[in-house]
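These notes concern the structure reproduced below.
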Amino acid sequence: MSQQGTSDQNRAVRASHGWREALVAVLATLVALILTAALGLWAAGAADLPGSAFWSIVAAVVVMAVGGTVELSGDAGVIADTRAGLTVLPLSVTLAGALVVAAGFLRPLRHRAVAGARELAGWAGRLAAVWAVALIALSLLARHTFDIPLGEGAVSDIGELLDASPKVGFRADIALTLVFGLLWLAGLIVLALLVSRGAPLPPRLLRFQESVRPAAYAMVALLLACVAVGLVIGLVVAATQGHAAETFAVILLGLPNLTWLAFTLGLGASWEGKVEGPFGLPMPKVLDQVLRTPEQSTLNLSTLSEYDSRVWWLMVVAAVLLLAAAFLMAVRSPARMRPWQHAVHMAVALVLTVLTICLVARVFAHYGLSLFGIGDIGGGLAGEVSLRPRLWSALGLAALWGLATGFLGSLLALRVHRRGEVDPDKPQPDQP
């Protein structure tokens, strides 16, 4: 091929992922995010909220799903005070957007073996620029204020007399949403390059792909498998036990929150939390039962089994999924890699995966109203929900599970033909 022909081909490749492709990728991601959030909130009954708040809440959920910050605020007059806080990621919405944006980033790069760092940075930069505009628009839409009724009786009379009409609202922090939303996109781009075997890398990074890509792919497959198992269970529950709308709301808003939490519990990890007031964690109800105590409670297989002994199956499911992931990692790795290397790679990958789950699956929500600075009132609306992991023990267990399953998975893969392996029964070409 002539030099001119090569230059024309390179220009065509660069043109294949320009501003138009960036706009299409971002629009497709927004459709996935907004549609998933809207359907989940509709199933949860948010369409009936007053003041045309539905689409503002949809925008707020999307902002939270991509790492943005939504602040709660309250106003109850000069002698009253409202306190509210919310930290939770609707991971079903996050996952839907992540899959679409990763596919949109990788699509123009398919069928390429190598790509320069400048080319990849330029393509990512165009995506980031369009994504920043979308984040600003979402942040401007994600704001609303609600009036909170005080109920009946003396509290209502005092509130009316003292002009303490409580309000609670939310609004997205544009600056923080822009920062964390761009970091979310950057993380997904890096993960997409790590996971996809067909994605091109800069020449200097090619030597890392044999050790990193199989492990990254196995961990993503593991997380998606957990979600798939949870989806099947959720659909069965919706079809057989009623409360279909509530079940679909959980599926569309927080299915990975529950399935990835269950996965860490299956590894033996413990979480701490508390549930009080009218608010609570979604299904299964056993979570609410364990955590609804006056003080902080411990959530693990032992405490859950006091209410339902079937939770011990979580350990079996986690072991099977981990072994399958380790086998997949070994099959996708070069044949020359030794079992102990597989074990180390699996341990490191699983520790990072569990760390990610612990960071994204934690929950905190609080609302309270006080008059004269005394107590929480408000017709039973005050409450708190919190859930956080015991991080270091979870990471230690992940390392042990990773070492064991990584070693076993490599042994199971010994009989599977892999890349870099020579078949002794197949005739080889004569060497010069």
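Letters for chains follow the order of the structure tokens (A, B, ...), residue numbers begin at 1 for each chain, and ligand numbers begin at 1 in the order shown.
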Surrounding residues of Leu304 in chain A excluding itself and chain neighbours under 4 positions, 12 Å, only C-alpha atoms, as JSON, numbers by chain: {"A": [262, 265, 266, 268, 270, 271, 284, 285, 286, 287, 288, 289, 290, 291, 297, 298, 299, 300, 308, 309, 310, 311, 312, 313, 314]}
Selection from above, N, CA and C atoms, as a tab-separated table (two decimals), in the first residue's frame, can you write it?
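The resulting selection-v5.tsv:
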```tsv
chain	number	residue	atom	x	y	z
A	262	ALA	N	-25.29	-8.95	48.25
A	262	ALA	CA	-25.45	-10.38	48.54
A	262	ALA	C	-24.18	-11.16	48.19
A	265	LEU	N	-21.72	-10.68	50.97
A	265	LEU	CA	-22.17	-11.46	52.12
A	265	LEU	C	-21.85	-12.94	51.91
A	266	GLY	N	-21.99	-13.41	50.67
A	266	GLY	CA	-21.64	-14.79	50.37
A	266	GLY	C	-20.17	-15.08	50.56
A	268	GLY	N	-18.58	-13.91	52.99
A	268	GLY	CA	-18.37	-13.87	54.43
A	268	GLY	C	-18.20	-12.48	54.99
A	270	SER	N	-19.05	-8.63	56.32
A	270	SER	CA	-20.07	-8.08	57.22
A	270	SER	C	-20.29	-6.60	56.89
A	271	TRP	N	-21.53	-6.18	57.05
A	271	TRP	CA	-21.90	-4.78	56.89
A	271	TRP	C	-22.54	-4.31	58.20
A	284	PRO	N	-35.03	-7.83	49.84
A	284	PRO	CA	-35.90	-8.65	50.69
A	284	PRO	C	-36.09	-8.04	52.08
A	285	LYS	N	-37.26	-8.32	52.65
A	285	LYS	CA	-37.62	-7.73	53.93
A	285	LYS	C	-36.69	-8.14	55.06
A	286	VAL	N	-35.98	-9.25	54.89
A	286	VAL	CA	-35.09	-9.71	55.95
A	286	VAL	C	-34.00	-8.68	56.25
A	287	LEU	N	-33.60	-7.90	55.25
A	287	LEU	CA	-32.61	-6.84	55.50
A	287	LEU	C	-33.15	-5.82	56.48
A	288	ASP	N	-34.40	-5.42	56.27
A	288	ASP	CA	-35.02	-4.45	57.16
A	288	ASP	C	-35.18	-5.03	58.57
A	289	GLN	N	-35.50	-6.32	58.66
A	289	GLN	CA	-35.68	-6.95	59.97
A	289	GLN	C	-34.38	-6.97	60.77
A	290	VAL	N	-33.28	-7.28	60.11
A	290	VAL	CA	-32.01	-7.35	60.81
A	290	VAL	C	-31.55	-5.97	61.27
A	291	LEU	N	-31.77	-4.95	60.46
A	291	LEU	CA	-31.21	-3.63	60.73
A	291	LEU	C	-32.13	-2.73	61.55
A	297	SER	N	-26.56	-2.35	63.83
A	297	SER	CA	-26.65	-3.81	63.74
A	297	SER	C	-25.62	-4.32	62.74
A	298	THR	N	-25.27	-5.58	62.90
A	298	THR	CA	-24.34	-6.23	61.98
A	298	THR	C	-25.12	-7.09	61.00
A	299	LEU	N	-24.81	-6.92	59.73
A	299	LEU	CA	-25.47	-7.68	58.67
A	299	LEU	C	-24.47	-8.66	58.08
A	300	ASN	N	-24.69	-9.95	58.29
A	300	ASN	CA	-23.86	-10.98	57.68
A	300	ASN	C	-24.69	-12.25	57.58
A	308	ASP	N	-33.89	-16.26	58.19
A	308	ASP	CA	-34.11	-17.11	57.02
A	308	ASP	C	-32.85	-17.94	56.78
A	309	SER	N	-32.92	-19.23	57.02
A	309	SER	CA	-31.73	-20.09	56.91
A	309	SER	C	-31.27	-20.28	55.48
A	310	ARG	N	-32.11	-19.92	54.52
A	310	ARG	CA	-31.73	-20.11	53.12
A	310	ARG	C	-30.60	-19.18	52.69
A	311	VAL	N	-30.28	-18.18	53.50
A	311	VAL	CA	-29.24	-17.23	53.10
A	311	VAL	C	-27.87	-17.92	53.00
A	312	TRP	N	-27.70	-19.09	53.62
A	312	TRP	CA	-26.41	-19.79	53.50
A	312	TRP	C	-26.14	-20.22	52.07
A	313	TRP	N	-27.18	-20.29	51.24
A	313	TRP	CA	-26.97	-20.59	49.82
A	313	TRP	C	-26.18	-19.49	49.12
A	314	LEU	N	-26.15	-18.28	49.71
A	314	LEU	CA	-25.37	-17.21	49.11
A	314	LEU	C	-23.90	-17.58	49.03
```
Sel. of alpha helix (DSSP H) residues, range 217-402 of chain A, as a PyMOL selection string: chain A and resi 217-240+244-266+285-291+301-305+313-332+339-360+391-402
If you count only C-alpha atoms, which residues fall within 8 Å of range 95-104 of chain A, apart from same-chain ones fewer than 4 positions away, as a list of chain:residue names? A:Ala22, A:Ala25, A:Val26, A:Ala28, A:Thr29, A:Leu30, A:Ala32, A:Leu33, A:Thr36, A:Leu91, A:Pro108, A:Leu188, A:Ile189, A:Ala192
Write to file, as a PDB file, in the first residue's frame, the residues of the selection just made, with C-alpha atoms.
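This went into result23.pdb:
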```pdb
ATOM      1  CA  ALA A  22     -19.509  11.527  20.285  1.00  0.00           C
ATOM      2  CA  ALA A  25     -22.862   8.012  21.949  1.00  0.00           C
ATOM      3  CA  VAL A  26     -23.814  10.551  24.624  1.00  0.00           C
ATOM      4  CA  ALA A  28     -27.744   6.983  23.484  1.00  0.00           C
ATOM      5  CA  THR A  29     -26.329   6.955  27.017  1.00  0.00           C
ATOM      6  CA  LEU A  30     -28.797   9.609  28.156  1.00  0.00           C
ATOM      7  CA  ALA A  32     -30.609   4.518  28.570  1.00  0.00           C
ATOM      8  CA  LEU A  33     -30.153   6.418  31.833  1.00  0.00           C
ATOM      9  CA  THR A  36     -34.283   3.168  33.190  1.00  0.00           C
ATOM     10  CA  LEU A  91     -26.864   1.160  40.405  1.00  0.00           C
ATOM     11  CA  PRO A 108     -15.354   3.257  16.367  1.00  0.00           C
ATOM     12  CA  LEU A 188     -15.658   3.662  32.293  1.00  0.00           C
ATOM     13  CA  ILE A 189     -13.407   4.454  29.328  1.00  0.00           C
ATOM     14  CA  ALA A 192     -13.718  -0.567  28.617  1.00  0.00           C
TER      15      ALA A 192
END
```
One decimal, Å: what's the distance from CA of Ala38 in chain A over to CA of Val220 in chain A, could you say?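 Going from CA of Ala38 in chain A over to CA of Val220 in chain A, I get 25.7 Å.
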Skip range 402-409 of chain A itself and residues of its chain fewer than 5 positions away, then list as a list in words all residues within 9 Å of it, counting only C-alpha atoms.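 My list of contacting residues is Ala319, Leu322, Leu323, Ala324, Ala325, Ala326, Phe327, Leu328, Met329, Ala330, Val331, Pro339, Trp340, Gln341, His342, Ala343, Val344, His345, Met346, Ala347, Val348, Ala349, Leu350, Val351, Leu397 and Leu414 of chain A.
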Written selection (N, CA, C and O atoms) as an mmCIF file, in the first residue's frame:
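Contents of the output file selection.cif:
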```cif
data_model
loop_
_atom_site.group_PDB
_atom_site.id
_atom_site.type_symbol
_atom_site.label_atom_id
_atom_site.label_comp_id
_atom_site.auth_asym_id
_atom_site.auth_seq_id
_atom_site.Cartn_x
_atom_site.Cartn_y
_atom_site.Cartn_z
ATOM 1 N N ALA A 319 -19.356 -19.006 45.614
ATOM 2 C CA ALA A 319 -18.238 -19.905 45.293
ATOM 3 C C ALA A 319 -18.321 -20.371 43.844
ATOM 4 O O ALA A 319 -17.307 -20.399 43.126
ATOM 5 N N LEU A 322 -17.480 -17.423 41.513
ATOM 6 C CA LEU A 322 -16.051 -17.109 41.562
ATOM 7 C C LEU A 322 -15.224 -18.144 40.808
ATOM 8 O O LEU A 322 -14.278 -17.793 40.089
ATOM 9 N N LEU A 323 -15.564 -19.414 40.965
ATOM 10 C CA LEU A 323 -14.821 -20.453 40.262
ATOM 11 C C LEU A 323 -15.009 -20.329 38.760
ATOM 12 O O LEU A 323 -14.062 -20.508 37.984
ATOM 13 N N ALA A 324 -16.232 -20.008 38.340
ATOM 14 C CA ALA A 324 -16.485 -19.801 36.912
ATOM 15 C C ALA A 324 -15.696 -18.604 36.393
ATOM 16 O O ALA A 324 -15.132 -18.646 35.287
ATOM 17 N N ALA A 325 -15.623 -17.527 37.182
ATOM 18 C CA ALA A 325 -14.855 -16.356 36.769
ATOM 19 C C ALA A 325 -13.374 -16.677 36.690
ATOM 20 O O ALA A 325 -12.673 -16.226 35.769
ATOM 21 N N ALA A 326 -12.865 -17.451 37.648
ATOM 22 C CA ALA A 326 -11.454 -17.833 37.625
ATOM 23 C C ALA A 326 -11.142 -18.713 36.414
ATOM 24 O O ALA A 326 -10.087 -18.561 35.775
ATOM 25 N N PHE A 327 -12.038 -19.630 36.087
ATOM 26 C CA PHE A 327 -11.859 -20.471 34.908
ATOM 27 C C PHE A 327 -11.862 -19.612 33.637
ATOM 28 O O PHE A 327 -11.023 -19.791 32.748
ATOM 29 N N LEU A 328 -12.781 -18.665 33.561
ATOM 30 C CA LEU A 328 -12.841 -17.770 32.404
ATOM 31 C C LEU A 328 -11.565 -16.960 32.275
ATOM 32 O O LEU A 328 -11.022 -16.786 31.171
ATOM 33 N N MET A 329 -11.044 -16.463 33.386
ATOM 34 C CA MET A 329 -9.799 -15.706 33.361
ATOM 35 C C MET A 329 -8.642 -16.571 32.867
ATOM 36 O O MET A 329 -7.818 -16.132 32.051
ATOM 37 N N ALA A 330 -8.582 -17.816 33.344
ATOM 38 C CA ALA A 330 -7.498 -18.703 32.938
ATOM 39 C C ALA A 330 -7.586 -19.061 31.461
ATOM 40 O O ALA A 330 -6.561 -19.119 30.767
ATOM 41 N N VAL A 331 -8.784 -19.273 30.962
ATOM 42 C CA VAL A 331 -8.961 -19.620 29.555
ATOM 43 C C VAL A 331 -8.533 -18.475 28.643
ATOM 44 O O VAL A 331 -7.978 -18.698 27.558
ATOM 45 N N PRO A 339 -0.192 -21.633 37.462
ATOM 46 C CA PRO A 339 -1.328 -21.550 38.393
ATOM 47 C C PRO A 339 -1.160 -20.509 39.486
ATOM 48 O O PRO A 339 -2.126 -19.819 39.849
ATOM 49 N N TRP A 340 0.042 -20.379 40.044
ATOM 50 C CA TRP A 340 0.207 -19.392 41.109
ATOM 51 C C TRP A 340 0.040 -17.971 40.589
ATOM 52 O O TRP A 340 -0.418 -17.077 41.327
ATOM 53 N N GLN A 341 0.395 -17.744 39.324
ATOM 54 C CA GLN A 341 0.180 -16.423 38.736
ATOM 55 C C GLN A 341 -1.311 -16.134 38.565
ATOM 56 O O GLN A 341 -1.777 -15.014 38.818
ATOM 57 N N HIS A 342 -2.059 -17.158 38.138
ATOM 58 C CA HIS A 342 -3.513 -16.997 38.049
ATOM 59 C C HIS A 342 -4.093 -16.660 39.419
ATOM 60 O O HIS A 342 -4.991 -15.816 39.539
ATOM 61 N N ALA A 343 -3.606 -17.343 40.451
ATOM 62 C CA ALA A 343 -4.119 -17.111 41.798
ATOM 63 C C ALA A 343 -3.864 -15.672 42.234
ATOM 64 O O ALA A 343 -4.758 -15.006 42.794
ATOM 65 N N VAL A 344 -2.666 -15.164 41.982
ATOM 66 C CA VAL A 344 -2.345 -13.788 42.370
ATOM 67 C C VAL A 344 -3.191 -12.787 41.580
ATOM 68 O O VAL A 344 -3.736 -11.827 42.151
ATOM 69 N N HIS A 345 -3.307 -12.998 40.272
ATOM 70 C CA HIS A 345 -4.110 -12.089 39.451
ATOM 71 C C HIS A 345 -5.573 -12.087 39.902
ATOM 72 O O HIS A 345 -6.212 -11.033 39.974
ATOM 73 N N MET A 346 -6.094 -13.272 40.193
ATOM 74 C CA MET A 346 -7.483 -13.367 40.646
ATOM 75 C C MET A 346 -7.665 -12.673 41.983
ATOM 76 O O MET A 346 -8.675 -11.974 42.205
ATOM 77 N N ALA A 347 -6.717 -12.835 42.889
ATOM 78 C CA ALA A 347 -6.824 -12.205 44.206
ATOM 79 C C ALA A 347 -6.817 -10.685 44.087
ATOM 80 O O ALA A 347 -7.646 -9.994 44.697
ATOM 81 N N VAL A 348 -5.886 -10.145 43.302
ATOM 82 C CA VAL A 348 -5.811 -8.691 43.130
ATOM 83 C C VAL A 348 -7.086 -8.164 42.485
ATOM 84 O O VAL A 348 -7.664 -7.159 42.931
ATOM 85 N N ALA A 349 -7.555 -8.846 41.444
ATOM 86 C CA ALA A 349 -8.761 -8.400 40.749
ATOM 87 C C ALA A 349 -9.980 -8.451 41.656
ATOM 88 O O ALA A 349 -10.812 -7.529 41.658
ATOM 89 N N LEU A 350 -10.099 -9.507 42.454
ATOM 90 C CA LEU A 350 -11.265 -9.633 43.326
ATOM 91 C C LEU A 350 -11.229 -8.612 44.457
ATOM 92 O O LEU A 350 -12.274 -8.072 44.844
ATOM 93 N N VAL A 351 -10.048 -8.333 44.995
ATOM 94 C CA VAL A 351 -9.942 -7.301 46.024
ATOM 95 C C VAL A 351 -10.395 -5.948 45.478
ATOM 96 O O VAL A 351 -11.152 -5.217 46.136
ATOM 97 N N LEU A 397 -11.010 -11.187 53.075
ATOM 98 C CA LEU A 397 -11.729 -12.367 52.603
ATOM 99 C C LEU A 397 -11.678 -12.470 51.088
ATOM 100 O O LEU A 397 -11.542 -13.564 50.524
ATOM 101 N N LEU A 414 -6.576 -26.374 32.437
ATOM 102 C CA LEU A 414 -5.402 -27.015 31.845
ATOM 103 C C LEU A 414 -5.745 -27.818 30.599
ATOM 104 O O LEU A 414 -4.938 -27.923 29.673
#
```
Point-to-point distance from CA of Glu71 in chain A to CA of Asp173 in chain A, Å rounded to tenths: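 For CA of Glu71 in chain A relative to CA of Asp173 in chain A, the distance reads 6.8 Å.
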12 Å contact set for Ser52 in chain A, only C-alpha atoms, chain neighbours under 3 positions out, as a ChimeraX atom specification: /A:46-49,55-58,143-146
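One distance worth recording is that between CA of Gln209 in chain A and CA of Trp123 in chain A, which is 20.7 Å.
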Give the strand (DSSP E) residues of range 228-405 of chain A, as assigned by DSSP on the backbone, as an NGL selection string. :A and (271-276 or 297-299 or 363-371 or 374-377 or 383-389)
